[in-house]
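Chemist: Provided herewith: work32.cif, mmCIF, C-alpha atoms and all ligand atoms.
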data_upload
#
loop_
_atom_site.label_atom_id
_atom_site.label_comp_id
_atom_site.auth_asym_id
_atom_site.auth_seq_id
_atom_site.Cartn_x
_atom_site.Cartn_y
_atom_site.Cartn_z
CA MET A 1 -86.65 112.17 168.38
CA THR A 2 -85.92 111.02 164.82
CA PRO A 3 -87.31 113.36 162.16
CA GLY A 4 -88.53 110.80 159.61
CA ARG A 5 -87.21 107.43 158.47
CA ALA A 6 -83.48 106.95 158.76
CA LEU A 7 -81.22 104.46 156.99
CA VAL A 8 -77.64 103.71 158.05
CA CYS A 9 -75.54 102.72 155.01
CA LEU A 10 -72.92 100.25 156.22
CA PRO A 11 -70.34 99.29 153.57
CA THR A 12 -68.54 96.04 154.28
CA TYR A 13 -65.54 94.32 152.82
CA GLU A 14 -64.26 91.38 154.84
CA GLU A 15 -65.96 92.32 158.10
CA ARG A 16 -67.08 88.82 159.13
CA ASP A 17 -66.07 89.25 162.77
CA ASN A 18 -67.52 92.74 163.13
CA LEU A 19 -70.79 92.38 161.25
CA GLU A 20 -73.17 90.83 163.77
CA PRO A 21 -71.86 92.79 166.78
CA ILE A 22 -72.05 96.10 164.91
CA LEU A 23 -75.58 95.43 163.63
CA ARG A 24 -76.75 94.57 167.13
CA ALA A 25 -75.03 97.64 168.60
CA ILE A 26 -76.57 99.97 165.99
CA LEU A 27 -80.10 98.66 166.53
CA GLU A 28 -79.68 98.88 170.29
CA ALA A 29 -78.32 102.44 170.23
CA ALA A 30 -80.91 103.71 167.73
CA PRO A 31 -83.89 101.34 167.56
CA SER A 32 -85.76 103.54 165.07
CA VAL A 33 -83.15 103.27 162.30
CA GLU A 34 -82.87 100.72 159.54
CA VAL A 35 -79.53 99.49 158.21
CA LEU A 36 -78.39 98.70 154.67
CA VAL A 37 -75.31 96.46 154.53
CA ILE A 38 -73.53 97.12 151.22
CA ASP A 39 -71.21 94.20 150.63
CA ASP A 40 -68.79 93.94 147.71
CA ASN A 41 -68.80 90.15 147.49
CA SER A 42 -66.42 89.78 150.46
CA PRO A 43 -64.40 86.56 150.12
CA ASP A 44 -64.79 85.90 153.87
CA GLY A 45 -68.57 85.45 153.58
CA THR A 46 -69.67 88.75 155.18
CA GLY A 47 -72.47 89.02 152.61
CA ARG A 48 -73.93 85.62 153.52
CA LEU A 49 -73.84 86.50 157.23
CA ALA A 50 -75.65 89.75 156.44
CA ASP A 51 -78.36 87.83 154.57
CA ALA A 52 -78.83 85.49 157.52
CA PHE A 53 -79.13 88.46 159.91
CA ALA A 54 -81.59 90.26 157.61
CA ALA A 55 -83.77 87.15 157.42
CA ARG A 56 -84.29 87.42 161.20
CA GLU A 57 -84.39 91.21 161.53
CA PRO A 58 -86.67 93.31 159.29
CA ARG A 59 -84.75 96.54 160.04
CA VAL A 60 -81.70 95.14 158.24
CA HIS A 61 -81.36 95.03 154.44
CA VAL A 62 -78.53 93.85 152.22
CA LEU A 63 -77.24 95.16 148.91
CA HIS A 64 -74.84 92.79 147.16
CA ARG A 65 -72.37 94.16 144.66
CA ALA A 66 -70.33 92.06 142.26
CA GLY A 67 -66.85 92.99 143.45
CA LYS A 68 -64.68 95.39 145.40
CA GLU A 69 -64.88 98.88 143.94
CA GLY A 70 -64.00 100.98 146.98
CA LEU A 71 -65.90 102.77 149.69
CA GLY A 72 -67.14 105.61 147.50
CA ARG A 73 -68.85 103.38 144.91
CA ALA A 74 -70.45 101.30 147.67
CA TYR A 75 -71.91 104.44 149.29
CA LEU A 76 -73.23 105.76 145.98
CA ALA A 77 -75.08 102.48 145.41
CA GLY A 78 -76.46 102.67 148.96
CA PHE A 79 -77.61 106.29 148.52
CA ALA A 80 -79.46 105.41 145.31
CA TRP A 81 -81.14 102.51 147.12
CA ALA A 82 -82.18 104.82 149.99
CA LEU A 83 -83.51 107.61 147.76
CA GLU A 84 -85.61 105.18 145.70
CA ARG A 85 -87.24 103.93 148.89
CA GLY A 86 -88.01 107.35 150.35
CA TYR A 87 -85.81 107.53 153.46
CA ASP A 88 -85.62 111.05 154.95
CA LEU A 89 -82.20 110.70 156.56
CA VAL A 90 -79.29 108.69 155.16
CA LEU A 91 -76.23 107.97 157.29
CA GLU A 92 -72.71 106.78 156.54
CA MET A 93 -70.91 104.60 159.04
CA ASP A 94 -67.95 102.17 159.16
CA ALA A 95 -68.70 98.58 160.16
CA ASP A 96 -65.56 98.08 162.26
CA PHE A 97 -66.54 99.94 165.50
CA SER A 98 -64.30 102.89 164.71
CA HIS A 99 -67.61 104.78 164.59
CA ASP A 100 -69.28 104.18 167.93
CA PRO A 101 -73.03 103.55 167.51
CA ARG A 102 -73.68 105.53 170.71
CA TYR A 103 -73.28 108.72 168.65
CA LEU A 104 -76.21 107.84 166.37
CA PRO A 105 -78.91 109.54 168.48
CA ALA A 106 -76.90 112.80 168.52
CA LEU A 107 -76.33 112.70 164.74
CA LEU A 108 -80.04 112.12 164.15
CA ALA A 109 -81.12 114.80 166.62
CA ARG A 110 -78.80 117.41 165.10
CA ALA A 111 -80.32 116.72 161.66
CA ALA A 112 -83.49 118.43 162.92
CA ASP A 113 -81.85 121.78 162.20
CA ALA A 114 -78.95 120.94 159.88
CA ASP A 115 -78.91 119.39 156.41
CA LEU A 116 -75.65 117.51 156.81
CA VAL A 117 -74.30 116.49 160.21
CA LEU A 118 -70.66 115.43 160.47
CA GLY A 119 -69.25 113.32 163.26
CA SER A 120 -66.10 115.34 163.85
CA ARG A 121 -62.81 114.40 165.44
CA TYR A 122 -61.54 117.95 165.31
CA VAL A 123 -64.08 119.97 167.29
CA PRO A 124 -63.90 120.28 171.11
CA GLY A 125 -64.86 116.96 172.67
CA GLY A 126 -63.84 114.95 169.58
CA GLY A 127 -60.66 112.95 169.05
CA THR A 128 -58.99 109.70 168.06
CA VAL A 129 -57.72 106.76 170.08
CA ASN A 130 -55.29 103.96 169.18
CA TRP A 131 -53.82 105.87 166.27
CA GLY A 132 -50.11 105.95 165.55
CA LEU A 133 -48.37 109.25 164.89
CA GLY A 134 -48.35 108.61 161.14
CA ARG A 135 -52.10 108.25 160.82
CA LYS A 136 -52.69 111.23 163.13
CA LEU A 137 -50.51 113.42 160.95
CA ILE A 138 -52.14 112.23 157.72
CA SER A 139 -55.63 112.84 159.07
CA ARG A 140 -55.02 116.21 160.76
CA GLY A 141 -52.82 117.42 157.94
CA GLY A 142 -55.30 116.17 155.34
CA SER A 143 -58.22 118.05 156.86
CA LEU A 144 -56.17 121.24 157.21
CA TYR A 145 -54.88 120.93 153.64
CA ALA A 146 -58.37 120.38 152.22
CA ARG A 147 -59.93 123.15 154.35
CA THR A 148 -57.34 125.63 153.19
CA ILE A 149 -57.53 124.81 149.49
CA LEU A 150 -61.32 124.63 149.46
CA GLY A 151 -61.81 127.66 151.71
CA VAL A 152 -64.34 126.08 154.06
CA ARG A 153 -64.65 126.18 157.84
CA VAL A 154 -65.52 122.53 158.42
CA ARG A 155 -62.95 120.99 160.78
CA ASP A 156 -63.21 117.33 159.80
CA LEU A 157 -63.50 117.00 156.04
CA THR A 158 -62.35 113.40 155.70
CA GLY A 159 -64.54 111.74 158.36
CA GLY A 160 -66.98 109.04 157.31
CA PHE A 161 -69.63 109.14 160.08
CA LYS A 162 -72.27 111.49 158.79
CA CYS A 163 -75.98 112.06 158.37
CA PHE A 164 -77.51 113.58 155.22
CA ARG A 165 -81.00 114.89 154.84
CA ARG A 166 -82.31 113.35 151.63
CA GLU A 167 -82.54 116.79 149.98
CA VAL A 168 -78.74 117.05 150.07
CA LEU A 169 -78.24 113.77 148.24
CA GLU A 170 -80.93 114.73 145.74
CA ALA A 171 -79.24 118.06 145.06
CA ILE A 172 -75.76 116.59 144.59
CA ASP A 173 -75.50 115.02 141.16
CA LEU A 174 -74.45 111.64 142.56
CA PRO A 175 -73.54 109.92 139.26
CA SER A 176 -70.97 112.65 138.65
CA VAL A 177 -69.16 112.05 141.98
CA GLU A 178 -65.73 110.77 141.02
CA CYS A 179 -63.70 110.30 144.15
CA SER A 180 -63.31 107.29 146.43
CA GLY A 181 -61.73 106.91 149.89
CA TYR A 182 -60.88 110.10 151.82
CA ALA A 183 -61.46 112.28 148.77
CA PHE A 184 -65.00 110.92 148.47
CA GLN A 185 -65.81 112.30 151.92
CA ILE A 186 -64.27 115.66 151.08
CA GLU A 187 -66.12 115.88 147.76
CA LEU A 188 -69.57 115.17 149.21
CA THR A 189 -69.21 117.65 152.05
CA TYR A 190 -67.81 120.33 149.77
CA ARG A 191 -70.63 119.85 147.28
CA ALA A 192 -73.19 120.21 150.08
CA ILE A 193 -71.57 123.45 151.24
CA ARG A 194 -71.46 124.83 147.69
CA ARG A 195 -75.16 124.13 147.32
CA GLY A 196 -75.80 126.26 150.39
CA PHE A 197 -76.84 123.48 152.75
CA ARG A 198 -76.38 123.90 156.51
CA VAL A 199 -73.49 121.76 157.74
CA ALA A 200 -73.07 121.00 161.46
CA GLU A 201 -70.28 119.15 163.27
CA ILE A 202 -70.78 117.16 166.46
CA PRO A 203 -67.84 115.72 168.42
CA ILE A 204 -67.00 112.02 168.07
CA VAL A 205 -64.08 109.98 169.33
CA PHE A 206 -62.84 107.71 166.52
CA ALA A 207 -61.34 104.45 167.80
CA ASP A 208 -59.14 102.50 165.43
CA ARG A 209 -60.57 99.11 164.48
CA ARG A 210 -59.78 96.22 166.83
CA VAL A 211 -60.59 93.43 164.38
CA GLY A 212 -59.74 93.08 160.67
CA GLN A 213 -57.73 95.30 158.36
CA SER A 214 -58.15 98.88 157.12
CA LYS A 215 -58.60 98.97 153.34
CA MET A 216 -57.13 102.46 153.05
CA SER A 217 -53.89 102.52 151.15
CA ARG A 218 -51.14 104.86 150.07
CA ARG A 219 -52.95 105.12 146.73
CA ILE A 220 -56.08 106.44 148.47
CA VAL A 221 -54.06 109.03 150.41
CA LEU A 222 -52.36 110.17 147.21
CA GLU A 223 -55.72 110.30 145.45
CA ALA A 224 -56.99 112.65 148.16
CA ILE A 225 -53.97 114.97 147.90
CA ARG A 226 -54.43 115.28 144.14
CA LYS A 227 -58.21 115.28 144.02
CA VAL A 228 -58.68 118.21 146.40
CA TRP A 229 -57.42 120.45 143.58
CA ALA A 230 -59.71 118.76 141.06
CA ILE A 231 -62.64 119.28 143.44
CA ARG A 232 -61.68 122.96 143.91
CA PHE A 233 -61.70 123.65 140.18
CA SER A 234 -64.43 121.22 139.13
CA ALA A 235 -67.50 122.20 137.13
CA PHE A 236 -69.75 121.88 140.19
CA ALA A 237 -67.54 124.22 142.23
CA ARG A 238 -68.05 126.88 139.56
CA SER A 239 -71.65 126.23 138.61
CA GLU A 240 -72.93 125.80 142.14
CA ALA A 241 -71.01 128.72 143.61
CA ARG A 242 -72.93 131.07 145.87
CA PRO A 243 -72.01 134.68 146.53
CA GLY A 244 -70.03 134.05 149.73
CA LEU A 245 -69.95 130.55 151.12
CA PRO A 246 -72.36 129.85 153.96
CA PRO A 247 -70.62 129.34 157.28
CA ALA A 248 -70.35 125.76 158.48
CA VAL A 249 -72.04 125.86 161.87
N1 LIG A 301 -68.54 97.55 150.20
C1 LIG A 301 -67.29 97.97 150.44
N2 LIG A 301 -66.93 98.34 151.68
C2 LIG A 301 -65.67 98.77 151.87
C3 LIG A 301 -64.71 98.84 150.85
N3 LIG A 301 -63.55 99.32 151.38
C4 LIG A 301 -63.79 99.53 152.70
N4 LIG A 301 -65.06 99.18 153.01
C5 LIG A 301 -65.73 99.26 154.31
O1 LIG A 301 -65.74 100.63 154.69
C6 LIG A 301 -65.54 100.77 156.10
C7 LIG A 301 -64.26 101.59 156.37
O2 LIG A 301 -63.16 100.90 155.79
P1 LIG A 301 -61.67 101.01 156.37
O3 LIG A 301 -60.77 100.42 155.36
O4 LIG A 301 -61.61 100.49 157.77
O5 LIG A 301 -61.50 102.58 156.38
P2 LIG A 301 -60.55 103.50 157.25
O6 LIG A 301 -59.20 103.46 156.67
O7 LIG A 301 -60.69 103.27 158.72
O8 LIG A 301 -61.23 104.91 156.87
C8 LIG A 301 -62.30 105.44 157.62
O9 LIG A 301 -61.87 106.67 158.16
C9 LIG A 301 -61.52 107.65 157.18
C10 LIG A 301 -61.11 108.93 157.88
O10 LIG A 301 -60.11 108.69 158.79
C11 LIG A 301 -62.72 107.99 156.28
O11 LIG A 301 -62.33 108.89 155.24
C12 LIG A 301 -63.25 106.73 155.63
O12 LIG A 301 -64.46 107.04 154.90
C13 LIG A 301 -63.53 105.67 156.70
O13 LIG A 301 -64.61 106.15 157.51
C14 LIG A 301 -65.48 99.36 156.65
O14 LIG A 301 -66.77 99.01 157.10
C15 LIG A 301 -65.04 98.53 155.44
O15 LIG A 301 -65.43 97.18 155.52
C16 LIG A 301 -65.10 98.44 149.53
O16 LIG A 301 -64.35 98.46 148.56
N5 LIG A 301 -66.40 98.03 149.39
#
Can I see the file as structure tokens?
Ligand SMILES: Nc1nc2c(ncn2[C@@H]2O[C@H](COP(=O)(O)OP(=O)(O)O[C@H]3O[C@H](CO)[C@@H](O)[C@H](O)[C@@H]3O)[C@@H](O)[C@H]2O)c(=O)[nH]1
Modeler:
Amino acid sequence: MTPGRALVCLPTYEERDNLEPILRAILEAAPSVEVLVIDDNSPDGTGRLADAFAAREPRVHVLHRAGKEGLGRAYLAGFAWALERGYDLVLEMDADFSHDPRYLPALLARAADADLVLGSRYVPGGGTVNWGLGRKLISRGGSLYARTILGVRVRDLTGGFKCFRREVLEAIDLPSVECSGYAFQIELTYRAIRRGFRVAEIPIVFADRRVGQSKMSRRIVLEAIRKVWAIRFSAFARSEARPGLPPAV
């Protein structure tokens, strides 16, 4: 059962071929959720397709942004939209089917007794398919690197399929979030842990996209490597510190 109103934030950049199938799959897997498509003026017309879908389906909303500013900025705009409208649960999800909508009910259910639920590739039952060795190494190594430097127990720090209780987003000072890409995911989860929120991981299998292109780049990987240190020694890490970090469950 869904505890309260839930909104799936779905950032899109050039996802024309994925958009309608993913919206239909989300609404079929979790009929109680609403979806906010956050489109950065995709040149392929994804935003217009989203408008046409939303005109037929009241559970779908569209937020248009002027241009491509990266995944992190798109999510921050979506979170502000969700908080203003009073949603209780706010989810992050990719639009390219790498996050299978069939996990939505489990993410929502787990939020009954956790403040932030992470879809995790690195707990028993989780995994990745269709990934080359290079991406596997970057992802595994990246999570291990960030876990070690930040001193947290969460297994999958870079994943982007997650469910926040609204209190978490309210407590994180969203305008001060700096990172984008992988580092954005690390920063949000770390901030939630520092604030003492309960973080849970549920297993997901992440399938690489079948259609379209990943927007992740070498620059975003390098940003993450550098930014983990900035996150570790940031003002929020000091000011929000608790005596002994809560265990990630
Ligand atoms: N609005 C908007 N959406 C964007 C942008 N860049 C990417 N997106 C959208 O964000 C989703 C993920 O983009 P990808 O480029 O496919 O990301 P990825 O490399 O597969 O990264 C995913 O996995 C990482 C961990 O392995 C995650 O860290 C990351 O958040 C994401 O979930 C897709 O729906 C894509 O259209 C942008 O600048 N603006």
Chemist: Quick one: residues within 8 Å of range 82-86 of chain A, only C-alpha atoms counted, chain neighbours fewer than 5 positions away excluded, as a PyMOL selection string?
Modeler: chain A and resi 7+166+170
Chemist: Rounded to one decimal, what separation in Å do you get between atom C16 of ligand LIG 301 (chain A) and CA of Arg73 in chain A?
Modeler: 7.7 Å
Chemist: Quote the spacing between CA of Leu89 in chain A and CA of Ala192 in chain A in Å to one decimal place.
Modeler: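 A separation of 14.6 Å between them.
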Chemist: Would you name the residues within 8 Å of ligand LIG 301 (chain A), counting all atoms listed in the file, and put them as a ChimeraX atom specification?
Modeler: /A:10-15,38-41,65,67-75,93-96,98-99,139,158-161,181-185,208-209,213-217
Chemist: Could you jot down the CA of Asp100 in chain A to CA of Gly78 in chain A separation for me, Å, one decimal place?
Modeler: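 Interatomic distance here is 20.3 Å.
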Chemist: List the neighbours of Ile22 in chain A out to 7 Å using only C-alpha atoms; skip same-chain residues closer than 4 positions along the sequence, and give me the result as a list of chain:residue names.
Modeler: A:Asn18, A:Ile26, A:Ala95, A:Phe97
Chemist: Given all atoms listed in the file as the basis, pick out the residue of A:Val37, A:Leu188, A:Ala25, A:Val228 nearest to Arg102 in chain A.
Modeler: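 Smallest separation from Arg102 in chain A among the options: A:Ala25.
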Chemist: Check the smallest atom-to-atom distance from each of A:Ala80, A:Arg56, A:Arg232, A:Val221 to Thr148 in chain A using all atoms listed in the file, then report the winner.
Modeler: A:Arg232
Chemist: As a compact mmCIF listing (two decimals) with C-alpha atoms, keeping the file's coordinate frame, please: the residues near Asp51 in chain A (cut-off 12 Å, all atoms listed in the file, same-chain neighbours under 2 positions excluded).
Modeler:
# COMPACT_ATOMS: atom_id res chain seq x y z
CA LEU A 19 -70.79 92.38 161.25
CA GLU A 20 -73.17 90.83 163.77
CA LEU A 36 -78.39 98.70 154.67
CA VAL A 37 -75.31 96.46 154.53
CA ILE A 38 -73.53 97.12 151.22
CA ASP A 39 -71.21 94.20 150.63
CA GLY A 45 -68.57 85.45 153.58
CA THR A 46 -69.67 88.75 155.18
CA GLY A 47 -72.47 89.02 152.61
CA ARG A 48 -73.93 85.62 153.52
CA LEU A 49 -73.84 86.50 157.23
CA PHE A 53 -79.13 88.46 159.91
CA ALA A 54 -81.59 90.26 157.61
CA ALA A 55 -83.77 87.15 157.42
CA ARG A 56 -84.29 87.42 161.20
CA GLU A 57 -84.39 91.21 161.53
CA PRO A 58 -86.67 93.31 159.29
CA VAL A 60 -81.70 95.14 158.24
CA HIS A 61 -81.36 95.03 154.44
CA VAL A 62 -78.53 93.85 152.22
CA LEU A 63 -77.24 95.16 148.91
CA HIS A 64 -74.84 92.79 147.16
